[in-house]
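Engineer: Sending over a structure as structure tokens; questions will come in a sec.
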Amino acid sequence: MTNRFDKSKLPSRHVSVGPERAPHRSYYYAMGLTEEEIARPFVGIASAGNDSAPCNTTLDVQANVARGGVEEGGGMPRRFNTITVTDGIAMGHQGMKSSLVSREVIADSVELSVRGHCYDALLGFAGCDKSLPGMMMSMLRLNVPSIFVYGGSILPGRFNNKDVTVVDVFEVVGKYAAGACPLSELEELEKAACPGHGACGGQFTANTMACVGEAIGLSLPNSNMAPAPYSTRDQIAHAAGVQVMDLLAQNLRPRDICTREAFENAARVVAATGGSTNAALHLPAMAHEAGIEFDLFDVAETFKTTPYMADLKPGGQYVAKDMHEAGGIYMLMKSLLAEGMLHGDCITVTGNTLGENIDEITWNPDQKVIYDAKTPITPTGGVVGLKGSLAPEGAIVKVAGMERLQFSGPARVFDCEEDTFAAVEARDIAEGSVIVIRYEGPKGGPGMREMLSTTAALYGQGMGEKVALITDGRFSGATRGFCIGHVGPEAADGGPIGLIEDGDIISIDAEAGTIDLEVDAETLEKRRKDWEPRLTDYGAGALWRYAQNVGPAYSGAVTHPGGKEERSCYADI
């Protein structure tokens with residue numbers, strides 16, 4: 001098999017070829033490799049596996065299975081690990097400030113490990129929210145032949161004869177705080193909601209980005225929605241190991257696959273599945289790595305004409321397991337392509353185009369999860385971009401499952417999530433209010449926290465449809481209701497959100513795509529003169545460093561100049 005590869009043209013030659021590399025080879029002999037094995041291409045297998053949460057607990061096992069596929073394809077697997085910060089555990093406290101920062105650390109750590117050891121190709125295994133885009137960002141940055149593998153979702157829990165997810169637990173916290181259920185119900189639910197291994201089961205951020213992996217062409221077809229406990233996950237891992245060697249033989253790289261058209265396909269699938277608003281942060285960040293301009297407004301433009309087709313939680317009824325059994329993301333894409341809504345000529349990691357892959361799929365008329373694009377749940381509106389006087393740099397809202405698309409009311413302003421949650425818990429929020437949580441943006445947080453604890457508590461109290469909430473931070477993919485995130489410019493940069501006062505009228509129209517602060521220019525200018533930047537609590541460490549480098553949310557909250565400014569590409573060393 002090794003005769004398919006000319007190692008003299010691969011990065012691993014720098015650590016394994018020639019008399020001058022004898023010291024380097026001695027390390028490989030120490031690990032039990034033979035001369036023939038050292039002569040093969042080296043394939044990095046990056047795993048975000050750990051014991052932090054069930055999202056990540058099967059990843060190392062799957063990564064180890066992939067070794068066999070790499071060896072079968074003629075390569076030498078080299079596994080290493082990176083970190084994750086698990087949102088469900090980081091949620092609702094200062095730990096959530098580490099979540100988005102971890103995306104950059106993951107991408108950076110994978111890059112550094114591949115660069116330092118001169119790997120020729122890359123397999124990436126991820127399970128929790130930020131590890132998915134982080135892993136794909138590193139692939140686009142390095143541009144070595146790569147395949148992304150999702151660890152799979154958790155199976156739904158069962159409680160009171162219905163399927164439940166961790167979101168139900170967050171919402172019952174609010175219900176309990178409102179005196180609407182006993183503590184015993186909360187304790188019983190928390191023990192039933194997450195029955196085993198895998199990432200959160202609804203169309204939250206992890207499953208949304210798993211769909212992106214397939215739609216953008218970096219994952220094997222219909223591989224990512226298979227739940228973590230299913231035995232097919234081992235088959236997928238092995239197949240990915242074999243296929244990455246074919247990509248190496250063809251020199252088919254991530255930037256060949258992830259073109260602007262492929263990003264449009266990915267955005268289309270996010271909206272069609274009612275996916276997480278976080279995709280509007282991660283897609284621009286991934287495009288940035290490839291030197292492609294694709295910001296929040298480009299994402300939102302695609303969203304405008306995309307039918308909402310998948311009846312998935314939190315807006316709908318079903319979870320990833322049901323999506324998988326209904327036919328997977330390729331089933332949904334088959335209908336989109338038939339209506340001319342996808343670029344079918346984009347190449348994928350199979351070596352075939354997206355359209356050729358879709359041709360292998362037969363539409364399943366007997367399932368209830370995926371609607372035909374001709375007769376969708378709603379003609380548009382899974383996720384919507386907003387812009388206006390309150391958000392000149394844009395904002396994002398998920399409207400899947402919502403009946404009310406307009407909201408206007410007086411502002412109730414908070415400068416951090418903790419104060420907001422305390423007010424919600426004390427039932428100190430009036431119906432009709434627009435809750436404003438600011439200084440939670442990428443720079444001002446720092447770290448752009450998600451607000452699931454607060455939004456879920458509102459829903460648990462029956463207030464989810466009676467108030468709106470806006471923030472320069474983020475929302476979990478599990479959030480539902482009139483919740484607008486990514487408001488830019490953020491408060492820390494002097495954006496309009498930092499000038500709002502209690503009682504100001506805020507008007508939102510998710511149908512028209514507008515969000516406006518109804519305060520005259522003269523008043524705003526006076527407030528701006530009195531405004532002073534707010535210091536964060538972080539004067540050192542990783543969060544401080546992130547705040548010094550991070551850019552605006554509309555361009556992905558990235559921390560380096562990206563592919564457009566690179567002087568040399570790692571894959572070409």
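Within each chain, counting starts at residue 1; across the structure tokens, chains are named A, B, ... in the order shown, with ligands numbered 1 upward in that order.
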Using only C-alpha atoms, tabulate the residues of region 131-189 of chain A lying at most 7 Å from any atom of region 210-230 of chain A, each with its closest atom pair and that distance in Å to one decimal, by chain and increasing residue number, as a Markdown table.
Structural biologist:
```
| residue | atom | partner | partner_atom | distance |
| --- | --- | --- | --- | --- |
| A:Ile147 | CA | A:Leu218 | CA | 5.4 |
| A:Phe148 | CA | A:Ser219 | CA | 5.1 |
| A:Val149 | CA | A:Ser219 | CA | 6.2 |
| A:Tyr150 | CA | A:Asn224 | CA | 5.4 |
| A:Gly151 | CA | A:Ala228 | CA | 5.8 |
| A:Gly152 | CA | A:Ala228 | CA | 4.1 |
| A:Ser153 | CA | A:Pro227 | CA | 4.5 |
| A:Ile154 | CA | A:Pro227 | CA | 5.9 |
| A:Leu155 | CA | A:Pro227 | CA | 6.6 |
```
Engineer: Selection from above, N, CA and C atoms, as a compact mmCIF listing (two decimals), in the first residue's frame, can you write it?
Structural biologist:
```txt
# COMPACT_ATOMS: atom_id res chain seq x y z
N ILE A 147 -10.36 14.29 7.60
CA ILE A 147 -11.76 13.88 7.75
C ILE A 147 -12.19 14.18 9.18
N PHE A 148 -13.38 14.77 9.31
CA PHE A 148 -13.94 15.04 10.63
C PHE A 148 -14.93 13.94 11.00
N VAL A 149 -14.82 13.44 12.23
CA VAL A 149 -15.72 12.40 12.74
C VAL A 149 -16.37 12.87 14.04
N TYR A 150 -17.66 12.89 14.07
CA TYR A 150 -18.42 13.23 15.27
C TYR A 150 -18.58 11.98 16.12
N GLY A 151 -18.50 12.14 17.43
CA GLY A 151 -18.61 10.98 18.32
C GLY A 151 -20.01 10.44 18.45
N GLY A 152 -21.01 11.23 18.04
CA GLY A 152 -22.39 10.76 18.10
C GLY A 152 -23.15 11.35 19.27
N SER A 153 -24.48 11.36 19.13
CA SER A 153 -25.32 11.96 20.16
C SER A 153 -25.74 10.94 21.21
N ILE A 154 -26.21 11.45 22.31
CA ILE A 154 -26.77 10.63 23.38
C ILE A 154 -28.16 10.14 22.96
N LEU A 155 -28.61 9.05 23.50
CA LEU A 155 -29.99 8.62 23.31
C LEU A 155 -30.89 9.43 24.22
```
Engineer: Applying 9 Å and only C-alpha atoms, which residues near Thr454 (chain A) remain after dropping the ones on its own chain fewer than 5 positions away? List them as a list in words.
Structural biologist: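 Near neighbours after the sequence-gap exclusion: Gly92, Phe170, Gly174, Glu417, Glu418, Thr420, Phe421, Ala422, Val424, Glu425 and Tyr459 of chain A.
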Engineer: Could you check the closest approach to Ser138 (chain A) for each of A:Leu252, A:Arg534, A:Ala193, A:Ala290 and tell me which residue wins, using only C-alpha atoms?
Structural biologist: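 The answer is A:Ala290, which sits nearest to Ser138 (chain A).
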Engineer: Separation of CA of Leu283 (chain A) and CA of Ala557 (chain A), in Å?
Structural biologist: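 The value is 10.7 Å.
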Engineer: Rank nothing, just name the residue among A:Thr353, A:Thr471, A:Thr86, A:Ser507 nearest to Pro410 (chain A), using only C-alpha atoms.
Structural biologist: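 The closest residue to Pro410 (chain A) is A:Ser507.
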Engineer: What is the distance between CA of Ser146 (chain A) and CA of Met76 (chain A), in Å to one decimal?
Structural biologist: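 A separation of 14.6 Å between them.
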Engineer: For a quick check of understanding, using only C-alpha atoms, which of A:Pro379, A:Gly291, A:Gly477, A:Gly202 has the smallest distance to Glu566 (chain A)?
Structural biologist: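 With only C-alpha atoms as the atom set, the closest residue is A:Gly291.
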Engineer: Skip Asp60 (chain A) itself and residues of its chain fewer than 5 positions away, then list as an mmCIF file with N, CA and C atoms, in the first residue's frame all residues within 10 Å of it, counting only C-alpha atoms.
Structural biologist:
```cif
data_model
loop_
_atom_site.group_PDB
_atom_site.id
_atom_site.type_symbol
_atom_site.label_atom_id
_atom_site.label_comp_id
_atom_site.auth_asym_id
_atom_site.auth_seq_id
_atom_site.Cartn_x
_atom_site.Cartn_y
_atom_site.Cartn_z
ATOM 1 N N ILE A 45 -4.203 11.497 14.551
ATOM 2 C CA ILE A 45 -5.587 11.215 14.950
ATOM 3 C C ILE A 45 -5.843 12.031 16.210
ATOM 4 N N ALA A 46 -6.535 13.148 16.040
ATOM 5 C CA ALA A 46 -6.787 14.057 17.156
ATOM 6 C C ALA A 46 -8.115 13.711 17.810
ATOM 7 N N SER A 47 -8.077 13.497 19.108
ATOM 8 C CA SER A 47 -9.291 13.155 19.854
ATOM 9 C C SER A 47 -9.523 14.173 20.957
ATOM 10 N N ALA A 48 -10.780 14.605 21.072
ATOM 11 C CA ALA A 48 -11.177 15.478 22.178
ATOM 12 C C ALA A 48 -11.777 14.650 23.309
ATOM 13 N N GLY A 49 -11.360 13.388 23.388
ATOM 14 C CA GLY A 49 -11.889 12.487 24.398
ATOM 15 C C GLY A 49 -11.403 12.812 25.797
ATOM 16 N N ASN A 50 -12.310 12.692 26.771
ATOM 17 C CA ASN A 50 -11.958 12.870 28.179
ATOM 18 C C ASN A 50 -13.127 12.426 29.046
ATOM 19 N N VAL A 65 -10.116 2.879 17.136
ATOM 20 C CA VAL A 65 -10.627 2.023 16.063
ATOM 21 C C VAL A 65 -10.143 2.544 14.706
ATOM 22 N N ALA A 66 -10.066 3.856 14.586
ATOM 23 C CA ALA A 66 -9.631 4.453 13.318
ATOM 24 C C ALA A 66 -8.197 4.093 12.971
ATOM 25 N N ARG A 79 -1.936 8.960 17.437
ATOM 26 C CA ARG A 79 -3.045 9.574 18.161
ATOM 27 C C ARG A 79 -2.546 10.576 19.195
ATOM 28 N N PHE A 80 -3.282 11.683 19.334
ATOM 29 C CA PHE A 80 -3.022 12.643 20.406
ATOM 30 C C PHE A 80 -4.351 13.255 20.838
ATOM 31 N N ASN A 81 -4.348 13.906 21.972
ATOM 32 C CA ASN A 81 -5.591 14.450 22.526
ATOM 33 C C ASN A 81 -5.557 15.972 22.630
ATOM 34 N N PHE A 125 -11.668 13.712 15.924
ATOM 35 C CA PHE A 125 -12.826 13.167 16.631
ATOM 36 C C PHE A 125 -13.266 14.164 17.693
ATOM 37 N N ALA A 126 -14.520 14.589 17.630
ATOM 38 C CA ALA A 126 -15.020 15.577 18.582
ATOM 39 C C ALA A 126 -16.452 15.243 18.978
ATOM 40 N N GLY A 151 -18.498 12.143 17.429
ATOM 41 C CA GLY A 151 -18.612 10.984 18.323
ATOM 42 C C GLY A 151 -20.012 10.436 18.446
#
```
